[in-house]
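Data file: input08.cif. Format and content: mmCIF, C-alpha atoms and all ligand atoms.
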```
data_data
#
loop_
_atom_site.label_atom_id
_atom_site.label_comp_id
_atom_site.auth_asym_id
_atom_site.auth_seq_id
_atom_site.Cartn_x
_atom_site.Cartn_y
_atom_site.Cartn_z
CA MET N 189 0.00 0.00 0.00
CA SER N 190 1.40 3.38 -0.85
CA VAL N 191 1.35 6.09 1.74
CA PRO N 192 0.16 9.58 0.81
CA GLN N 193 3.08 11.98 0.85
CA SER N 194 2.80 15.05 2.99
CA PRO N 195 2.22 17.96 0.59
CA VAL N 196 4.21 20.17 2.91
CA PRO N 197 7.88 19.86 2.00
CA PRO N 198 9.94 18.93 5.04
CA ALA N 199 10.15 22.47 6.23
CA ALA N 200 12.02 20.62 8.46
CA ALA N 201 14.96 20.54 6.23
CA ARG N 202 15.65 23.69 8.18
CA ALA N 203 16.68 22.58 11.62
CA ALA N 204 13.54 22.72 13.75
CA GLY N 205 14.02 23.80 17.35
CA GLN N 206 12.64 21.95 20.36
CA GLN N 207 12.49 18.50 18.72
CA PRO N 208 13.01 15.33 20.78
CA GLN N 209 16.18 13.27 20.63
CA TRP N 210 14.51 10.07 19.45
CA PRO N 211 16.77 7.14 20.34
CA ASP N 212 15.78 5.05 17.27
CA PRO N 213 15.41 6.98 13.98
CA GLY N 214 14.15 3.87 12.16
CA GLU N 215 11.17 3.70 14.53
CA VAL N 216 10.41 7.39 13.81
CA THR N 217 10.26 6.65 10.09
CA ARG N 218 7.86 3.74 10.67
CA VAL N 219 5.60 5.89 12.87
CA ARG N 220 5.60 8.71 10.32
CA GLU N 221 4.53 6.27 7.63
CA ARG N 222 1.72 5.01 9.83
CA LEU N 223 0.54 8.56 10.54
CA ALA N 224 0.69 9.42 6.84
CA GLY N 225 -1.67 6.50 6.15
CA LEU N 226 -4.25 7.48 8.78
CA PRO N 227 -7.19 9.82 8.12
CA PRO N 228 -6.73 13.48 9.05
CA LEU N 229 -8.32 14.29 12.41
CA VAL N 230 -10.12 17.42 11.20
CA ARG N 231 -11.69 18.40 7.88
CA PRO N 232 -10.45 21.25 5.71
CA ASP N 233 -13.93 22.77 5.47
CA ASP N 234 -14.15 23.01 9.27
CA SER N 235 -10.77 24.77 9.33
CA ASP N 236 -12.09 27.12 6.63
CA ARG N 237 -15.21 27.76 8.70
CA LEU N 238 -13.07 28.69 11.71
CA ALA N 239 -10.95 30.96 9.49
CA ALA N 240 -14.11 32.78 8.39
CA LEU N 241 -15.25 33.20 12.01
CA LEU N 242 -11.82 34.53 12.94
CA GLY N 243 -12.25 36.98 10.07
CA GLU N 244 -15.24 38.31 11.99
CA VAL N 245 -13.05 38.63 15.08
CA ALA N 246 -10.43 40.55 13.04
CA ARG N 247 -13.19 42.94 11.92
CA GLY N 248 -14.30 43.57 15.50
CA ARG N 249 -17.58 41.69 15.09
CA ALA N 250 -16.80 38.63 17.24
CA PHE N 251 -14.62 37.55 20.18
CA LEU N 252 -12.31 34.52 20.46
CA LEU N 253 -12.21 32.32 23.55
CA GLN N 254 -9.40 29.78 23.50
CA GLY N 255 -8.61 27.50 26.43
CA GLY N 256 -7.66 24.15 27.85
CA ASP N 257 -4.75 22.27 29.37
CA CYS N 258 -1.14 23.40 29.09
CA ALA N 259 -0.30 19.78 28.25
CA GLU N 260 -3.06 17.29 27.47
CA MET N 261 -2.47 13.79 28.80
CA ILE N 262 -3.30 10.73 26.73
CA GLU N 263 -4.89 8.95 29.67
CA ARG N 264 -7.19 11.93 30.27
CA ALA N 265 -8.98 11.66 26.94
CA THR N 266 -12.01 10.65 29.02
CA PRO N 267 -15.64 11.86 29.09
CA ALA N 268 -15.17 13.41 32.54
CA ALA N 269 -12.08 15.42 31.64
CA VAL N 270 -13.04 16.48 28.11
CA HIS N 271 -16.68 17.24 28.89
CA GLY N 272 -15.59 19.17 32.00
CA THR N 273 -13.26 21.41 30.01
CA VAL N 274 -15.70 21.90 27.13
CA GLU N 275 -18.64 22.60 29.43
CA THR N 276 -16.62 25.18 31.39
CA LEU N 277 -15.42 26.84 28.19
CA SER N 278 -18.96 26.90 26.81
CA ARG N 279 -20.34 28.49 29.95
CA LEU N 280 -17.65 31.14 29.87
CA ALA N 281 -18.38 31.74 26.18
CA GLY N 282 -22.07 32.21 27.01
CA THR N 283 -21.27 34.76 29.73
CA LEU N 284 -19.06 36.78 27.37
CA GLU N 285 -21.57 36.56 24.53
CA ARG N 286 -24.38 37.96 26.67
CA SER N 287 -22.27 40.72 28.11
CA PHE N 288 -20.40 41.80 24.95
CA GLY N 289 -23.32 41.31 22.58
CA LEU N 290 -20.90 39.62 20.15
CA PRO N 291 -20.66 36.01 18.99
CA VAL N 292 -17.92 34.14 20.84
CA VAL N 293 -15.81 31.79 18.73
CA THR N 294 -14.86 28.89 21.01
CA VAL N 295 -11.62 26.98 20.50
CA GLY N 296 -10.15 24.35 22.84
CA ARG N 297 -6.51 23.66 23.53
CA LEU N 298 -7.73 20.14 22.87
CA ALA N 299 -7.19 17.05 20.72
CA GLY N 300 -3.54 17.77 19.96
CA GLN N 301 -1.82 19.68 22.77
CA TYR N 302 0.59 16.78 23.35
CA ALA N 303 4.00 18.37 22.69
CA LYS N 304 5.75 20.95 24.86
CA PRO N 305 8.74 23.24 24.32
CA ARG N 306 11.10 23.28 27.30
CA SER N 307 13.58 25.85 28.53
CA SER N 308 16.03 23.09 29.45
CA PRO N 309 16.39 19.71 27.67
CA LEU N 310 17.28 17.96 30.94
CA GLU N 311 15.88 17.87 34.45
CA THR N 312 17.83 16.95 37.59
CA VAL N 313 16.12 15.71 40.75
CA ARG N 314 18.18 14.63 43.76
CA GLY N 315 21.27 13.99 41.67
CA LEU N 316 19.47 12.07 38.89
CA THR N 317 19.43 13.74 35.45
CA LEU N 318 16.85 12.70 32.83
CA PRO N 319 15.38 14.21 29.67
CA ALA N 320 12.75 16.89 30.41
CA TYR N 321 9.08 16.01 29.87
CA ARG N 322 8.17 17.14 26.33
CA GLY N 323 4.51 16.20 26.24
CA ASP N 324 2.67 12.90 26.04
CA ALA N 325 3.37 12.53 22.30
CA VAL N 326 7.08 12.34 23.15
CA ASN N 327 7.67 10.89 26.63
CA GLY N 328 6.01 10.32 30.00
CA VAL N 329 5.82 12.80 32.87
CA ALA N 330 6.97 10.36 35.61
CA PHE N 331 10.56 10.99 36.62
CA THR N 332 11.89 7.57 35.61
CA GLU N 333 14.29 6.62 32.86
CA GLN N 334 11.62 4.50 31.19
CA ASP N 335 9.01 7.28 31.10
CA ARG N 336 11.37 10.07 30.13
CA THR N 337 12.99 8.25 27.20
CA PRO N 338 11.37 9.66 24.02
CA ASP N 339 9.28 6.97 22.26
CA PRO N 340 7.94 7.79 18.77
CA ARG N 341 5.12 5.24 19.16
CA ARG N 342 3.60 7.73 21.58
CA MET N 343 2.71 9.87 18.55
CA LEU N 344 0.28 7.13 17.46
CA ARG N 345 -1.25 7.04 20.94
CA ALA N 346 -1.56 10.84 20.86
CA TYR N 347 -3.34 10.58 17.50
CA GLU N 348 -5.80 8.04 18.99
CA ALA N 349 -6.36 10.21 22.08
CA ALA N 350 -7.00 13.21 19.82
CA ALA N 351 -9.53 11.18 17.82
CA THR N 352 -11.24 10.12 21.06
CA THR N 353 -11.29 13.74 22.27
CA LEU N 354 -12.90 14.93 19.03
CA ARG N 355 -15.56 12.24 19.36
CA LEU N 356 -16.20 13.28 22.96
CA ILE N 357 -16.56 16.93 21.92
CA ALA N 358 -19.00 16.03 19.15
CA ASP N 359 -21.09 13.70 21.32
CA ARG N 360 -21.16 15.71 24.53
CA PRO N 361 -24.37 16.17 26.45
CA VAL N 362 -25.59 19.75 26.12
CA PRO N 363 -28.19 21.47 28.27
CA GLY N 364 -29.78 23.64 25.59
CA PRO N 365 -31.28 22.87 22.18
CA ALA N 366 -28.07 23.40 20.23
CA ALA N 367 -24.45 22.63 20.99
CA ARG N 368 -21.97 25.45 20.56
CA ASP N 369 -19.33 24.78 17.91
CA VAL N 370 -16.06 23.97 19.65
CA PHE N 371 -12.99 23.94 17.41
CA VAL N 372 -9.62 22.48 18.40
CA SER N 373 -6.13 23.97 18.44
CA HIS N 374 -2.62 23.23 19.67
CA GLU N 375 0.98 24.35 19.33
CA ALA N 376 2.40 22.96 16.07
CA LEU N 377 5.69 21.90 17.63
CA LEU N 378 6.44 18.29 16.81
CA MET N 379 7.38 18.07 13.14
CA ASP N 380 7.33 14.25 13.07
CA TYR N 381 3.62 14.46 13.97
CA GLU N 382 2.51 17.53 12.01
CA LEU N 383 4.15 16.82 8.66
CA PRO N 384 2.66 13.35 8.04
CA LEU N 385 -0.80 14.58 9.08
CA ALA N 386 -0.75 17.51 6.63
CA ARG N 387 -2.70 16.69 3.46
CA GLU N 388 -3.63 18.30 0.19
CA ASP N 389 -7.33 19.08 -0.06
CA SER N 390 -8.58 17.54 -3.29
CA ARG N 391 -11.10 20.35 -3.86
CA THR N 392 -8.81 23.31 -3.54
CA ARG N 393 -5.37 21.66 -3.95
CA ARG N 394 -4.22 23.55 -0.90
CA ALA N 395 -2.33 21.89 1.97
CA TYR N 396 -4.08 21.68 5.35
CA ALA N 397 -2.85 20.53 8.72
CA GLY N 398 -4.92 17.47 9.60
CA SER N 399 -4.07 17.59 13.31
CA GLY N 400 -6.27 20.52 14.38
CA HIS N 401 -8.30 23.47 13.08
CA LEU N 402 -6.05 26.27 14.38
CA LEU N 403 -2.32 25.77 14.95
CA TRP N 404 0.12 28.15 16.56
CA ALA N 405 3.88 28.63 16.88
CA GLY N 406 5.13 29.14 20.42
CA GLU N 407 7.24 31.96 21.79
CA ARG N 408 10.33 29.72 21.61
CA THR N 409 9.93 28.53 18.00
CA ARG N 410 8.69 31.61 16.17
CA GLU N 411 11.93 32.66 14.43
CA PRO N 412 10.81 34.01 11.02
CA ASP N 413 13.30 31.79 9.16
CA GLY N 414 12.70 28.69 11.27
CA ALA N 415 10.97 25.45 10.39
CA HIS N 416 7.83 26.12 12.43
CA ILE N 417 6.96 29.39 10.74
CA ALA N 418 7.77 27.78 7.36
CA PHE N 419 5.29 25.00 8.17
CA LEU N 420 2.55 27.41 9.24
CA SER N 421 3.11 29.53 6.13
CA ARG N 422 2.35 26.51 3.93
CA ILE N 423 -0.92 25.34 5.45
CA ALA N 424 -4.30 26.86 4.69
CA ASN N 425 -5.62 26.54 8.27
CA PRO N 426 -5.91 29.71 10.35
CA VAL N 427 -2.61 30.14 12.25
CA ALA N 428 -1.39 32.00 15.33
CA VAL N 429 1.90 33.02 16.92
CA LYS N 430 2.67 33.56 20.61
CA ILE N 431 4.28 36.91 21.28
CA GLY N 432 6.37 37.48 24.42
CA PRO N 433 7.46 40.75 26.06
CA GLY N 434 10.76 40.92 24.16
CA ALA N 435 9.15 41.04 20.69
CA ARG N 436 9.84 44.12 18.57
CA PRO N 437 7.38 45.70 16.13
CA ASP N 438 9.56 44.57 13.19
CA ASP N 439 9.34 40.93 14.35
CA LEU N 440 5.56 41.12 14.10
CA LEU N 441 5.60 42.85 10.73
CA ARG N 442 7.91 40.17 9.36
CA LEU N 443 5.71 37.37 10.72
CA ALA N 444 2.64 39.06 9.26
CA ARG N 445 4.25 39.25 5.81
CA LEU N 446 5.26 35.58 5.96
CA LEU N 447 2.05 34.19 7.40
CA ASN N 448 -0.55 36.52 5.93
CA PRO N 449 0.84 37.83 2.64
CA GLY N 450 -2.69 38.17 1.24
CA ALA N 451 -3.80 40.31 4.23
CA VAL N 452 -6.81 38.06 4.80
CA PRO N 453 -8.70 38.92 8.01
CA GLY N 454 -8.76 35.83 10.26
CA ARG N 455 -5.77 34.11 8.70
CA LEU N 456 -3.35 35.29 11.42
CA THR N 457 -3.75 35.71 15.17
CA PHE N 458 -1.15 37.17 17.53
CA ILE N 459 -1.44 35.74 21.05
CA VAL N 460 0.34 38.24 23.27
CA ARG N 461 1.72 37.09 26.65
CA THR N 462 3.78 39.85 28.20
CA GLY N 463 2.86 39.50 31.89
CA ALA N 464 0.58 41.79 33.87
CA GLY N 465 3.38 44.22 34.67
CA ALA N 466 4.42 44.79 31.06
CA VAL N 467 1.25 44.74 28.96
CA ARG N 468 0.47 48.46 29.17
CA ARG N 469 4.06 49.36 28.28
CA VAL N 470 4.75 46.77 25.55
CA LEU N 471 1.45 46.27 23.73
CA PRO N 472 0.73 49.79 22.36
CA GLU N 473 3.85 49.86 20.17
CA LEU N 474 3.16 46.37 18.76
CA VAL N 475 -0.49 47.03 17.99
CA GLY N 476 0.33 50.47 16.60
CA ALA N 477 2.95 49.10 14.20
CA VAL N 478 0.74 46.31 12.88
CA ALA N 479 -2.28 48.59 12.51
CA GLY N 480 -0.09 51.18 10.76
CA ALA N 481 1.07 48.56 8.25
CA GLY N 482 -2.54 47.77 7.41
CA VAL N 483 -2.20 44.03 8.15
CA PRO N 484 -5.39 42.57 9.59
CA VAL N 485 -4.66 40.37 12.61
CA VAL N 486 -6.65 39.04 15.53
CA TRP N 487 -5.21 40.27 18.85
CA VAL N 488 -5.56 37.78 21.69
CA CYS N 489 -4.39 38.05 25.31
CA ASP N 490 -2.73 35.01 26.93
CA PRO N 491 -2.64 36.17 30.56
CA MET N 492 -0.99 32.95 31.76
CA HIS N 493 2.54 32.57 30.40
CA GLY N 494 3.93 35.95 31.43
CA ASN N 495 2.68 35.49 35.00
CA THR N 496 4.21 32.19 36.11
CA VAL N 497 5.86 32.27 39.54
CA ARG N 498 7.19 29.66 41.97
CA VAL N 499 5.51 29.26 45.35
CA ASN N 500 6.29 26.42 47.78
CA GLY N 501 8.43 24.85 45.08
CA ARG N 502 5.58 24.72 42.54
CA LYS N 503 4.89 26.62 39.34
CA THR N 504 1.77 28.69 39.87
CA ARG N 505 0.02 31.90 38.83
CA TYR N 506 -1.96 34.44 40.84
CA PHE N 507 -5.56 34.87 39.73
CA ASP N 508 -5.21 38.64 40.23
CA ASP N 509 -2.23 38.82 37.84
CA VAL N 510 -4.18 36.86 35.23
CA TYR N 511 -7.10 39.29 35.50
CA GLU N 512 -4.79 42.32 35.56
CA GLU N 513 -3.11 41.38 32.28
CA ILE N 514 -6.50 41.03 30.59
CA ALA N 515 -7.65 44.37 32.00
CA GLY N 516 -4.47 46.02 30.64
CA PHE N 517 -4.99 44.38 27.26
CA PHE N 518 -8.54 45.77 27.02
CA GLU N 519 -7.35 49.21 28.15
CA VAL N 520 -4.62 49.40 25.51
CA HIS N 521 -7.01 48.41 22.73
CA ARG N 522 -9.59 50.89 23.90
CA SER N 523 -7.07 53.70 23.86
CA LEU N 524 -5.88 52.75 20.34
CA GLY N 525 -9.36 52.18 18.95
CA THR N 526 -8.50 48.58 18.06
CA HIS N 527 -10.40 45.40 18.90
CA PRO N 528 -9.41 43.28 21.91
CA GLY N 529 -10.09 40.12 19.95
CA GLY N 530 -9.94 37.42 22.56
CA VAL N 531 -8.41 35.60 25.50
CA HIS N 532 -6.33 32.42 25.65
CA LEU N 533 -6.44 30.55 28.96
CA GLU N 534 -4.89 27.50 30.57
CA MET N 535 -7.90 26.09 32.40
CA THR N 536 -9.78 22.89 33.17
CA GLY N 537 -13.24 21.85 34.25
CA ALA N 538 -11.86 20.13 37.36
CA GLU N 539 -11.44 21.82 40.76
CA VAL N 540 -7.67 21.54 40.76
CA THR N 541 -5.45 23.67 42.99
CA GLU N 542 -2.77 24.94 40.63
CA CYS N 543 -3.34 28.71 40.39
CA LEU N 544 -3.57 30.88 43.52
CA GLY N 545 -6.42 33.15 44.52
CA GLY N 546 -9.85 33.74 43.08
CA GLY N 547 -12.90 33.62 45.24
CA SER N 548 -12.94 37.36 45.84
CA GLY N 549 -16.44 37.98 44.57
CA ALA N 550 -19.76 36.34 45.29
CA VAL N 551 -18.30 32.91 44.82
CA TRP N 552 -18.73 30.01 47.18
CA SER N 553 -15.08 29.05 47.21
CA ALA N 554 -12.58 30.91 49.35
CA GLY N 555 -9.96 30.73 46.62
CA VAL N 556 -6.79 28.65 46.42
CA ARG N 557 -4.12 29.42 49.05
CA PRO N 558 -0.41 28.50 48.93
CA ALA N 559 -1.01 25.70 51.43
CA ASP N 560 -3.62 24.20 49.05
CA LEU N 561 -1.27 23.85 46.08
CA GLY N 562 -0.27 20.31 47.00
CA SER N 563 -3.79 18.95 47.34
CA ARG N 564 -4.88 18.79 43.68
CA TYR N 565 -1.93 19.78 41.54
CA GLU N 566 -2.56 17.58 38.50
CA SER N 567 -1.11 19.48 35.55
CA ALA N 568 1.66 17.73 33.64
CA CYS N 569 3.14 21.14 32.85
CA ASP N 570 1.85 24.66 33.61
CA PRO N 571 -0.76 25.53 36.27
CA ARG N 572 -4.37 25.87 35.09
CA LEU N 573 -7.30 27.89 36.38
CA ASN N 574 -9.84 25.53 37.91
CA ARG N 575 -13.51 25.59 37.00
CA THR N 576 -14.49 28.06 39.72
CA GLN N 577 -11.59 30.39 38.90
CA THR N 578 -12.35 30.19 35.17
CA LEU N 579 -16.01 31.13 35.63
CA GLU N 580 -15.14 33.90 38.08
CA LEU N 581 -12.60 35.28 35.61
CA GLY N 582 -15.33 35.18 32.97
CA ARG N 583 -17.60 37.38 35.10
CA LEU N 584 -14.74 39.84 35.59
CA ILE N 585 -13.92 39.93 31.86
CA ALA N 586 -17.59 40.45 31.14
CA GLY N 587 -17.42 43.56 33.32
CA LEU N 588 -14.66 45.09 31.22
CA ARG N 589 -15.75 47.55 28.60
CA THR N 590 -17.55 45.78 25.80
CA PRO N 591 -15.36 45.33 22.75
CA SER N 592 -16.68 47.84 20.27
CA LEU N 593 -17.13 47.32 16.59
CA VAL N 594 -13.86 48.39 15.08
CA ALA N 595 -13.25 49.15 11.43
CA ALA N 596 -16.36 47.19 10.54
CA GLY N 597 -16.59 46.24 6.91
C1 LIG B 1 1.99 27.25 26.10
O1 LIG B 1 1.06 27.83 25.52
O2 LIG B 1 1.82 26.27 26.85
C2 LIG B 1 3.38 27.78 25.91
C3 LIG B 1 4.46 27.04 26.07
O3 LIG B 1 3.35 29.08 25.60
P1 LIG B 1 4.49 30.09 25.09
O4 LIG B 1 4.97 29.56 23.77
O5 LIG B 1 3.74 31.37 24.98
O6 LIG B 1 5.57 30.12 26.15
MN MN B 2 1.69 26.39 29.13
#
```
Entire entry expressed as structure tokens:
Amino acid sequence: MSVPQSPVPPAAARAAGQQPQWPDPGEVTRVRERLAGLPPLVRPDDSDRLAALLGEVARGRAFLLQGGDCAEMIERATPAAVHGTVETLSRLAGTLERSFGLPVVTVGRLAGQYAKPRSSPLETVRGLTLPAYRGDAVNGVAFTEQDRTPDPRRMLRAYEAAATTLRLIADRPVPGPAARDVFVSHEALLMDYELPLAREDSRTRRAYAGSGHLLWAGERTREPDGAHIAFLSRIANPVAVKIGPGARPDDLLRLARLLNPGAVPGRLTFIVRTGAGAVRRVLPELVGAVAGAGVPVVWVCDPMHGNTVRVNGRKTRYFDDVYEEIAGFFEVHRSLGTHPGGVHLEMTGAEVTECLGGGSGAVWSAGVRPADLGSRYESACDPRLNRTQTLELGRLIAGLRTPSLVAAG
């Protein structure tokens, strides 16, 4: 049987950053061939539909809500976990929709968020040094040699877990008459997974990622001449790039030219994650430069990744910092007359204790305190807002000034 060739040339001929050191290259080739013979997980026309909805966000006529785990775990592709996340996201979307009077485009960090960039390739605990956890598609989170050794067969298990997750999203129980559309997204990091799942659409002859509707490049892999940006530039799906506090206006203009040469509204989203302390200082110059160049982009606030701190030896984030970054993001856009297009959260439907605080308003819970961090810290990577914190944050965002219609038409 012949295997369909990925229509995306191995962008990857350029050295891609943040790839695993697979111990057995022959096994990687076999797994890639298997993936290339499997059906894509999502359909091109659904990716096109999301792109059109994001076009509405770019025009100021809709709002994007993106959220889910930092790192999905294969064993948590269960009804309880997936339905919990989707139900919490949907509720938050409903709150924002009612308060903003705009449609809310809902996108999970779901069905593909199985690969993580790491600041250090190794981790040392009590004198033992092992490869860092790089996501369930690469290795296991347990600090043992067996778990931490990269195993390419995990990419096939990640594919199956993604397929299960998509089925769970489609078949979820919904309270009302109609289920909200929930699209899926993840960081396009792992080239050995993304390239074999990219396919040419027979109708349009364009290449699409088959692994998710919306894919993004992370803050660590967004070099304009790197393999990840090359990959995103060649797929027809809507794409996004994470933007940290060190980004310069020229970096964004270059990314916009590479990823959205046709200036199509909705094609490109910038997910800005500066930290609460920097957003008011850093964001105006970036938004001003992009607006001045006439490139339509969707501006999204990720209030998580610039606000990570260590408390009691654990990675965490303060609820108040998360809210403060979003408030700053809305303020900057209001002052520039641009559209605060959306928010991007690390959250879950479970009552985990990973982020601190919350519970300040008329909420039953007293909030998560430092002493609580150990009781339900279940994230394989970064700390997530729990269900109560997510819904409380939603009420606070709803109280921010309604995004106005900007540059409509
Ligand atoms: C993430 O979204 O989990 C992540 C690693 O983000 P960033 O690339 O912004 O650091
Ligand atoms: Mn994260």
- Task: Identify which of the residues N:Leu242, N:Ile423, N:Val486, N:Ala386 lies closest to N:Ser194, counting all atoms listed in the file when measuring atom-to-atom distances.
- Result: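 Of N:Leu242, N:Ile423, N:Val486, N:Ala386, the one nearest N:Ser194 is N:Ala386, counting all atoms listed in the file.
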- Task: For N:Gly529, list every protein, DNA or RNA residue within 9 Å, evaluated using all atoms listed in the file, and leave out those in the same chain fewer than 5 positions away; present the list as a ChimeraX atom specification.
- Result: /N:245-246,248,250-253,486-489,591
Atoms to include: C-alpha atoms. Write the selected residues as a PDB file, in the frame of the given file.
```
ATOM      1  CA  VAL N 245     -13.050  38.630  15.080  1.00  0.00           C
ATOM      2  CA  ALA N 246     -10.430  40.550  13.040  1.00  0.00           C
ATOM      3  CA  GLY N 248     -14.300  43.570  15.500  1.00  0.00           C
ATOM      4  CA  ALA N 250     -16.800  38.630  17.240  1.00  0.00           C
ATOM      5  CA  PHE N 251     -14.620  37.550  20.180  1.00  0.00           C
ATOM      6  CA  LEU N 252     -12.310  34.520  20.460  1.00  0.00           C
ATOM      7  CA  LEU N 253     -12.210  32.320  23.550  1.00  0.00           C
ATOM      8  CA  VAL N 486      -6.650  39.040  15.530  1.00  0.00           C
ATOM      9  CA  TRP N 487      -5.210  40.270  18.850  1.00  0.00           C
ATOM     10  CA  VAL N 488      -5.560  37.780  21.690  1.00  0.00           C
ATOM     11  CA  CYS N 489      -4.390  38.050  25.310  1.00  0.00           C
ATOM     12  CA  PRO N 591     -15.360  45.330  22.750  1.00  0.00           C
TER      13      PRO N 591
END
```
Which residues of chain N have any atom within 12 Å of an atom in ligand MN 2 (chain B) when counting all atoms listed in the file, and what is the closest pair of atoms for each, with the distance in Å to one decimal? Order the rows by chain and rising number and write it as a Markdown table.
```
| residue | atom | partner | partner_atom | distance |
| --- | --- | --- | --- | --- |
| N:Gly255 | CA | B:MN2 | MN | 10.7 |
| N:Gly256 | CA | B:MN2 | MN | 9.7 |
| N:Asp257 | CA | B:MN2 | MN | 7.6 |
| N:Cys258 | CA | B:MN2 | MN | 4.1 |
| N:Ala259 | CA | B:MN2 | MN | 7.0 |
| N:Glu260 | CA | B:MN2 | MN | 10.4 |
| N:Arg297 | CA | B:MN2 | MN | 10.3 |
| N:Gln301 | CA | B:MN2 | MN | 9.9 |
| N:Tyr302 | CA | B:MN2 | MN | 11.3 |
| N:Ala303 | CA | B:MN2 | MN | 10.5 |
| N:Lys304 | CA | B:MN2 | MN | 8.0 |
| N:Pro305 | CA | B:MN2 | MN | 9.1 |
| N:Arg306 | CA | B:MN2 | MN | 10.1 |
| N:Ser307 | CA | B:MN2 | MN | 11.9 |
| N:Arg322 | CA | B:MN2 | MN | 11.6 |
| N:Gly323 | CA | B:MN2 | MN | 11.0 |
| N:His374 | CA | B:MN2 | MN | 10.9 |
| N:Glu375 | CA | B:MN2 | MN | 10.0 |
| N:Gly406 | CA | B:MN2 | MN | 9.8 |
| N:Glu407 | CA | B:MN2 | MN | 10.8 |
| N:Arg408 | CA | B:MN2 | MN | 11.9 |
| N:Lys430 | CA | B:MN2 | MN | 11.2 |
| N:Arg461 | CA | B:MN2 | MN | 11.0 |
| N:Asp490 | CA | B:MN2 | MN | 9.9 |
| N:Pro491 | CA | B:MN2 | MN | 10.8 |
| N:Met492 | CA | B:MN2 | MN | 7.6 |
| N:His493 | CA | B:MN2 | MN | 6.4 |
| N:Gly494 | CA | B:MN2 | MN | 10.1 |
| N:Asn495 | CA | B:MN2 | MN | 10.9 |
| N:Thr496 | CA | B:MN2 | MN | 9.4 |
| N:Lys503 | CA | B:MN2 | MN | 10.7 |
| N:Thr504 | CA | B:MN2 | MN | 11.0 |
| N:Arg505 | CA | B:MN2 | MN | 11.3 |
| N:His532 | CA | B:MN2 | MN | 10.6 |
| N:Leu533 | CA | B:MN2 | MN | 9.1 |
| N:Glu534 | CA | B:MN2 | MN | 6.8 |
| N:Met535 | CA | B:MN2 | MN | 10.1 |
| N:Ser567 | CA | B:MN2 | MN | 9.8 |
| N:Ala568 | CA | B:MN2 | MN | 9.8 |
| N:Cys569 | CA | B:MN2 | MN | 6.6 |
| N:Asp570 | CA | B:MN2 | MN | 4.8 |
| N:Pro571 | CA | B:MN2 | MN | 7.6 |
| N:Arg572 | CA | B:MN2 | MN | 8.5 |
| N:Leu573 | CA | B:MN2 | MN | 11.6 |
```
- Item | Shell of 9 Å around stretch 539-546 of chain N, all atoms listed in the file, local chain residues under 6 positions omitted, as JSON, numbers by chain | {"N": [502, 503, 504, 505, 506, 507, 508, 553, 554, 555, 556, 557, 558, 560, 561, 562, 563, 564, 565, 566, 567, 570, 571, 572, 573, 574, 575, 576, 577, 580, 581]}
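Take the candidates N:Val274, N:Leu524, N:Glu215, N:Pro195 and check each one against N:Asp359 using all atoms listed in the file; the shortest distance goes to N:Val274.
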- Gap from atom CA of N:Gly547 to atom CA of N:Val497 - Å, one decimal: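 Here the two named atoms are 19.7 Å from each other.
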Size and centre in Å, one decimal, axis-aligned box, all listed ligand LIG 1 (chain B) atoms plus 4 Å per side, as lines of an AutoDock Vina configuration file:
```
center_x = 3.3
center_y = 28.8
center_z = 25.3
size_x = 12.5
size_y = 13.1
size_z = 11.1
```
- Message: Taking 5 positions as the minimum chain separation for residues in the same chain, which residues sit within 8 Å of N:Ala349 when counting all atoms listed in the file? Answer as JSON, numbers by chain.
- Response: {"N": [262, 263, 265, 299]}
Output for the residues just chosen: C-alpha atoms as a PDB file, in the coordinates of the input:
```
ATOM      1  CA  ILE N 262      -3.300  10.730  26.730  1.00  0.00           C
ATOM      2  CA  GLU N 263      -4.890   8.950  29.670  1.00  0.00           C
ATOM      3  CA  ALA N 265      -8.980  11.660  26.940  1.00  0.00           C
ATOM      4  CA  ALA N 299      -7.190  17.050  20.720  1.00  0.00           C
TER       5      ALA N 299
END
```
